[in-house]
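Text of run.cif, listed as mmCIF, C-alpha atoms:
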data_input
#
loop_
_atom_site.label_atom_id
_atom_site.label_comp_id
_atom_site.auth_asym_id
_atom_site.auth_seq_id
_atom_site.Cartn_x
_atom_site.Cartn_y
_atom_site.Cartn_z
CA MET N 671 0.00 0.00 0.00
CA PHE N 672 1.15 3.53 -0.78
CA SER N 673 0.22 6.65 1.17
CA ALA N 674 0.93 10.36 0.93
CA GLY N 675 0.29 13.31 3.19
CA ASP N 676 0.68 16.97 4.08
CA ASP N 677 4.07 16.18 5.63
CA ASN N 678 5.57 16.05 2.08
CA GLN N 679 6.17 12.33 2.42
CA VAL N 680 5.22 9.33 0.30
CA LYS N 681 5.47 5.90 1.89
CA CYS N 682 5.22 2.26 0.87
CA TRP N 683 3.81 -0.12 3.49
CA ASP N 684 4.12 -3.84 4.03
CA LEU N 685 0.61 -4.72 5.20
CA GLU N 686 1.62 -8.08 6.63
CA GLN N 687 4.29 -6.56 8.87
CA ASN N 688 2.38 -3.28 9.35
CA GLN N 689 5.45 -1.13 8.76
CA VAL N 690 6.98 1.27 6.25
CA ILE N 691 9.45 -0.42 3.93
CA ARG N 692 10.21 2.45 1.52
CA SER N 693 9.99 6.24 1.56
CA TYR N 694 10.07 8.54 -1.44
CA HIS N 695 11.66 11.93 -0.76
CA GLY N 696 11.48 14.90 -3.12
CA HIS N 697 8.23 16.80 -2.74
CA LEU N 698 8.67 20.29 -1.31
CA SER N 699 5.14 20.56 0.09
CA GLY N 700 2.05 18.48 0.83
CA VAL N 701 1.25 15.54 -1.45
CA TYR N 702 -2.40 15.39 -2.53
CA CYS N 703 -2.70 12.54 -5.03
CA LEU N 704 -0.97 9.35 -6.13
CA ALA N 705 -1.45 6.55 -8.63
CA LEU N 706 0.29 3.36 -9.73
CA HIS N 707 1.03 2.80 -13.39
CA PRO N 708 -1.04 -0.21 -14.61
CA THR N 709 1.82 -2.04 -16.35
CA VAL N 710 5.14 -0.55 -15.19
CA ASP N 711 6.60 -0.51 -11.66
CA ILE N 712 6.37 3.24 -11.23
CA LEU N 713 4.46 5.43 -8.78
CA LEU N 714 3.20 8.91 -9.60
CA THR N 715 2.50 11.60 -7.00
CA GLY N 716 1.29 15.18 -7.22
CA GLY N 717 1.11 17.95 -4.68
CA ARG N 718 1.20 21.55 -3.60
CA ASP N 719 4.64 22.13 -5.13
CA SER N 720 2.89 22.08 -8.57
CA VAL N 721 4.87 19.04 -9.72
CA CYS N 722 3.91 15.46 -10.56
CA ARG N 723 6.81 13.21 -9.64
CA VAL N 724 7.50 9.80 -11.15
CA TRP N 725 9.20 7.24 -8.88
CA ASP N 726 10.80 3.85 -9.37
CA ILE N 727 8.88 1.79 -6.83
CA ARG N 728 11.75 -0.56 -5.98
CA THR N 729 14.74 1.80 -5.85
CA GLU N 730 12.85 4.82 -4.39
CA LYS N 731 14.58 7.03 -6.99
CA GLN N 732 12.78 9.84 -8.76
CA ILE N 733 12.70 9.18 -12.51
CA TYR N 734 11.03 12.41 -13.69
CA ALA N 735 9.63 15.61 -12.25
CA LEU N 736 6.73 16.58 -14.49
CA SER N 737 6.76 20.36 -14.13
CA GLY N 738 4.64 22.89 -15.96
CA HIS N 739 1.58 23.44 -13.80
CA GLY N 740 1.28 26.80 -12.10
CA ASP N 741 -0.52 25.59 -8.99
CA THR N 742 -1.27 22.50 -6.89
CA VAL N 743 -1.53 19.16 -8.68
CA CYS N 744 -4.36 17.42 -6.85
CA SER N 745 -5.59 14.77 -9.30
CA LEU N 746 -3.98 12.37 -11.74
CA LEU N 747 -4.73 9.34 -13.91
CA THR N 748 -2.45 6.71 -15.43
CA ARG N 749 -2.96 4.53 -18.49
CA ALA N 750 -1.09 1.71 -20.21
CA THR N 751 -1.13 3.60 -23.53
CA ASP N 752 -0.32 7.19 -24.44
CA PRO N 753 -0.96 9.55 -22.83
CA GLN N 754 0.21 7.46 -19.89
CA VAL N 755 -0.12 10.29 -17.37
CA ILE N 756 -2.92 12.86 -17.06
CA THR N 757 -2.80 15.54 -14.35
CA GLY N 758 -5.32 18.12 -13.14
CA SER N 759 -4.34 21.26 -11.27
CA HIS N 760 -5.69 24.22 -9.36
CA ASP N 761 -4.31 26.33 -12.23
CA THR N 762 -7.46 25.19 -14.15
CA THR N 763 -5.52 23.12 -16.72
CA ILE N 764 -5.22 19.43 -17.54
CA LYS N 765 -1.93 18.17 -18.95
CA PHE N 766 -0.96 14.99 -20.80
CA TRP N 767 2.62 13.78 -20.33
CA ASP N 768 4.93 11.69 -22.50
CA LEU N 769 6.88 9.27 -20.31
CA ARG N 770 8.77 7.99 -23.34
CA ASN N 771 10.19 11.43 -24.08
CA GLU N 772 11.67 12.43 -20.70
CA GLY N 773 8.28 13.27 -19.24
CA ARG N 774 7.54 16.21 -21.49
CA PRO N 775 4.02 17.66 -21.77
CA ILE N 776 2.07 16.62 -24.87
CA VAL N 777 -1.23 18.49 -24.59
CA THR N 778 -2.68 21.15 -22.28
CA LEU N 779 -6.47 21.36 -21.94
CA THR N 780 -7.92 24.72 -20.89
CA HIS N 781 -11.68 24.03 -20.93
CA ASN N 782 -12.15 24.35 -17.16
CA LYS N 783 -12.61 27.82 -15.71
CA LYS N 784 -11.69 27.07 -12.10
CA SER N 785 -9.48 24.67 -10.16
CA ILE N 786 -9.65 20.99 -11.07
CA ARG N 787 -10.05 18.77 -8.02
CA ALA N 788 -10.89 15.37 -9.52
CA LEU N 789 -10.27 13.22 -12.59
CA ALA N 790 -12.01 9.90 -13.22
CA MET N 791 -11.90 7.20 -15.88
CA HIS N 792 -14.05 4.15 -16.54
CA PRO N 793 -12.27 1.08 -15.07
CA THR N 794 -12.58 -1.00 -18.26
CA ASP N 795 -12.82 1.68 -20.96
CA SER N 796 -9.95 4.17 -21.01
CA ARG N 797 -11.12 6.04 -24.11
CA THR N 798 -12.78 8.84 -22.14
CA PHE N 799 -12.30 10.60 -18.81
CA VAL N 800 -14.00 13.35 -16.82
CA SER N 801 -12.74 16.37 -14.91
CA ALA N 802 -14.49 18.06 -12.00
CA GLY N 803 -13.72 20.87 -9.61
CA ALA N 804 -14.84 24.28 -8.46
CA ASP N 805 -16.70 25.43 -11.58
CA ASN N 806 -19.71 23.08 -11.05
CA ASN N 807 -19.34 21.60 -14.55
CA ILE N 808 -18.22 18.00 -14.95
CA LYS N 809 -16.64 17.67 -18.39
CA LYS N 810 -15.92 14.58 -20.44
CA PHE N 811 -12.98 14.31 -22.85
CA ILE N 812 -12.00 11.81 -25.54
CA LEU N 813 -8.55 10.21 -25.53
CA PRO N 814 -5.84 10.12 -26.76
CA ARG N 815 -5.98 13.72 -28.06
CA GLY N 816 -8.20 15.17 -25.35
CA GLN N 817 -11.07 16.51 -27.46
CA PHE N 818 -13.93 17.95 -25.42
CA TYR N 819 -16.95 15.59 -25.65
CA HIS N 820 -19.72 17.05 -23.50
CA ASN N 821 -20.68 18.44 -20.10
CA MET N 822 -22.69 16.31 -17.72
CA LEU N 823 -26.34 17.28 -18.01
CA SER N 824 -26.64 18.88 -14.56
CA GLN N 825 -24.53 21.06 -12.27
CA GLN N 826 -23.82 19.85 -8.75
CA ASN N 827 -23.67 23.43 -7.41
CA ALA N 828 -20.75 22.57 -5.14
CA THR N 829 -17.02 22.20 -5.50
CA VAL N 830 -16.54 18.57 -6.55
CA ASN N 831 -13.58 17.09 -4.69
CA ALA N 832 -13.76 13.47 -5.84
CA ALA N 833 -15.20 11.20 -8.53
CA ALA N 834 -15.26 7.45 -9.13
CA VAL N 835 -16.79 5.13 -11.75
CA ASN N 836 -17.63 1.43 -11.51
CA GLU N 837 -17.74 -1.14 -14.32
CA GLU N 838 -21.50 -0.75 -14.71
CA GLY N 839 -21.01 2.89 -15.67
CA VAL N 840 -22.30 4.49 -12.49
CA MET N 841 -20.22 7.55 -11.62
CA ALA N 842 -20.32 9.04 -8.13
CA THR N 843 -19.17 12.57 -7.33
CA GLY N 844 -18.70 14.09 -3.88
CA GLY N 845 -18.92 17.79 -3.06
CA ASP N 846 -17.52 20.00 -0.33
CA ASP N 847 -21.07 20.57 0.96
CA GLY N 848 -21.65 16.85 1.56
CA SER N 849 -23.61 16.29 -1.63
CA LEU N 850 -23.25 12.88 -3.27
CA TRP N 851 -24.52 12.60 -6.84
CA PHE N 852 -24.80 9.57 -9.10
CA TRP N 853 -24.54 9.77 -12.89
CA ASP N 854 -24.94 7.53 -15.92
CA TRP N 855 -21.46 7.50 -17.48
CA LYS N 856 -22.59 7.24 -21.11
CA SER N 857 -25.40 9.77 -21.23
CA GLY N 858 -24.22 12.19 -18.55
CA HIS N 859 -27.61 12.05 -16.83
CA ASN N 860 -27.78 12.63 -13.08
CA PHE N 861 -30.21 10.00 -11.80
CA GLN N 862 -29.83 10.34 -8.03
CA GLN N 863 -28.88 13.00 -5.51
CA THR N 864 -28.30 12.46 -1.82
CA ARG N 865 -26.34 14.03 1.00
CA THR N 866 -24.05 12.48 3.55
CA THR N 867 -24.82 12.60 7.27
CA VAL N 868 -22.18 14.12 9.50
CA GLN N 869 -20.93 12.25 12.53
CA PRO N 870 -22.78 13.21 15.76
CA GLY N 871 -21.05 16.18 17.35
CA SER N 872 -19.66 17.47 14.06
CA LEU N 873 -20.50 20.80 12.47
CA GLU N 874 -22.53 21.04 9.28
CA SER N 875 -19.44 22.56 7.65
CA GLU N 876 -17.69 19.22 8.21
CA ALA N 877 -19.94 17.44 5.74
CA GLY N 878 -17.46 17.72 2.85
CA ILE N 879 -16.50 14.60 0.89
CA TYR N 880 -12.79 14.49 0.05
CA ALA N 881 -12.29 11.09 -1.60
CA LEU N 882 -14.36 8.38 -3.28
CA SER N 883 -13.62 4.82 -4.35
CA TYR N 884 -15.64 1.79 -5.36
CA ASP N 885 -14.62 -1.58 -3.95
CA MET N 886 -13.47 -4.36 -6.30
CA THR N 887 -17.04 -5.56 -6.88
CA GLY N 888 -18.22 -2.08 -7.86
CA SER N 889 -21.31 -2.45 -5.68
CA ARG N 890 -20.03 -0.62 -2.60
CA LEU N 891 -18.83 2.96 -2.49
CA VAL N 892 -16.35 4.22 0.11
CA THR N 893 -16.23 7.92 1.03
CA CYS N 894 -13.65 9.80 3.12
CA GLU N 895 -15.13 12.89 4.70
CA ALA N 896 -14.34 16.09 6.58
CA ASP N 897 -15.91 14.83 9.81
CA LYS N 898 -13.00 12.33 10.07
CA THR N 899 -15.16 9.35 9.08
CA ILE N 900 -14.97 6.74 6.35
CA LYS N 901 -18.44 5.70 5.19
CA MET N 902 -19.53 2.75 3.08
CA TRP N 903 -22.57 2.94 0.79
CA LYS N 904 -24.22 -0.20 -0.53
CA GLN N 905 -26.24 -1.01 -3.58
CA VAL N 906 -29.97 -1.66 -3.15
CA GLU N 907 -31.12 -4.37 -5.55
CA GLY N 908 -34.33 -3.71 -7.45
CA ALA N 909 -34.57 -0.01 -6.65
CA THR N 910 -34.99 2.44 -9.52
CA PRO N 911 -34.28 6.15 -9.93
CA GLU N 912 -37.22 8.32 -8.94
CA THR N 913 -37.18 10.97 -11.65
CA TYR N 914 -36.10 11.08 -15.28
CA PRO N 915 -36.77 13.42 -18.19
CA LEU N 916 -39.70 12.15 -20.24
CA ASN N 917 -37.48 11.33 -23.21
CA TYR N 918 -34.78 9.57 -21.17
CA LYS N 919 -34.57 5.78 -20.97
CA PRO N 920 -32.41 4.68 -18.02
CA PRO N 921 -29.97 1.82 -18.56
CA THR N 922 -31.05 -1.46 -17.02
CA ASP N 923 -27.94 -1.69 -14.87
CA VAL N 924 -28.59 1.52 -12.89
CA ARG N 925 -29.39 0.89 -9.24
CA ARG N 926 -29.95 3.24 -6.34
CA LEU N 927 -27.35 3.42 -3.61
CA GLN N 928 -27.91 4.35 -0.02
CA ASN N 929 -25.88 4.69 3.14
#
Show me this structure written as structure tokens.
Amino acid sequence: MFSAGDDNQVKCWDLEQNQVIRSYHGHLSGVYCLALHPTVDILLTGGRDSVCRVWDIRTEKQIYALSGHGDTVCSLLTRATDPQVITGSHDTTIKFWDLRNEGRPIVTLTHNKKSIRALAMHPTDSRTFVSAGADNNIKKFILPRGQFYHNMLSQQNATVNAAAVNEEGVMATGGDDGSLWFWDWKSGHNFQQTRTTVQPGSLESEAGIYALSYDMTGSRLVTCEADKTIKMWKQVEGATPETYPLNYKPPTDVRRLQN
């Protein structure tokens, strides 16, 4: 397991021995995101020093420092094919990087108007990805060139801090106001809206959702929240979305989720 934090450090853990076995030193400020390359033994991390760093997992050495963003790098994706690295930044841009050419930038996307907090890709289809952040618009792009495809059909009206997609094409997005929205990946339709419940004794301002992830089955959603809790949301079999536009036909695999 790999972890990163505001102490500038990135660590590799042996879960059987419950101890740190490697540390990756190089970030000059807090580290906000990390990802493992799907086919190569490299780790990628991004943080407040505006750099995405590429590490050799085994030797702990930094291979590249992907520099070019003008603000915090707080989201990144990795793919087996080019572009192998995609980063999103508070400078409102998305960059594609060429690992085969000394980590140079390939493309810069400037469609977002405010800081980008989250990037998400379908787990089995890497031809498209979405960006989300402070401008309330979740945008979808086509790879490998990064052409803009469409906006999701609704606005969450909150800064979106995290997004995740399961194999059935259900995308979840979490906002800094505690809102949790569910979308159909293909159509961009928002079919369910809910809100998290803060831990007893917490303030309403601590309802923010900072991270999302589906489990390996894709039927349970895990959220990490500002009230210092980790919540698990399960799928309810047989439930259906309550409201749709009259001309919209929901996919058969959409299910409601609840806490």
Item to complete: Identify all residues satisfying the PyMOL selection byres ((chain N and resi 845) around 9) in the given file; provide them as number ranges by chain.
Response: N: 803, 826-832, 843-844, 846-851, 877-880
Worksheet entry | Separation of CA of Asp805 (chain N) from CA of His820 (chain N), in Å and rounded to one decimal | 14.9 Å
Worksheet item: Between N:Ser857, N:Leu789, N:Leu685, N:Lys731, which is the closest to Ile756 (chain N) once you count all atoms listed in the file?
Response: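 Going through N:Ser857, N:Leu789, N:Leu685, N:Lys731 one by one, the smallest distance to Ile756 (chain N) is for N:Leu789.
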Item to complete: Tell me, as a VMD selection string, which residues lie within 6 Å of region 779-783 of chain N, counting all atoms listed in the file; anything in the same chain fewer than 2 positions away does not count.
Response: chain N and resid 762 to 764
Worksheet item: Do you have the CA of Cys703 (chain N)-CA of Phe861 (chain N) distance handy?
Response: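 A separation of 28.4 Å between them.
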Worksheet item: Can you list, as a VMD selection string, the residues that the PyMOL selection byres ((chain N and resi 700) around 8) selects here?
Response: chain N and resid 675 to 679 697 to 699 701 to 702 717 to 719
Fill in: Residue with smallest distance to Ala842 (chain N) - pool N:Lys784, N:Arg797, N:Arg890, N:His707, counting all atoms listed in the file
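Closest to Ala842 (chain N) of all the choices is N:Arg890.
Considering only C-alpha atoms, the residue among N:Val743, N:Val680, N:Ala896, N:Ile776 positioned nearest to Leu713 (chain N) is N:Val680.
If you apply the PyMOL selection byres ((chain N and resi 888) around 10) to this structure, you end up with Pro793, Val835, Asn836, Glu837, Glu838, Gly839, Val840, Ser883, Tyr884, Asp885, Met886, Thr887, Ser889, Arg890, Leu891, Lys904 and Gln905 of chain N.
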Discussion item. Residues proximal to (-4.6, 6.6, -19.0) were defined as those with any atom within 12 Å of that point in the file's coordinates, counting all atoms listed in the file. Which are they, as a PyMOL selection string?
Written reply: chain N and resi 705-709+746-757+765-769+789-800+812-816
Fill in: Pairwise distance for CA of Ser872 (chain N) and CA of Val892 (chain N), rounded to one decimal in Å
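So the answer is 19.5 Å.
Summary of the local environment: counting only C-alpha atoms, residues at most 9 Å from Lys681 (chain N), other than itself and those fewer than 4 positions away along its chain, are Met671, Phe672, Ser673, Ala674, Val690, Ile691, Arg692, Ser693 and Tyr694 of chain N.
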Worksheet item: Pick the closest to Gly738 (chain N) from N:Ala881, N:Cys722, N:Ile786, N:Ala833: which is it, counting all atoms listed in the file?
Response: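 Nearest to Gly738 (chain N): N:Cys722.
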Worksheet item: Which one of N:Asp897, N:Asp741, N:Asp726, N:Glu686 sits closest to Ile712 (chain N) if you count all atoms listed in the file?
Response: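 Among the listed residues, N:Asp726 lies closest to Ile712 (chain N).
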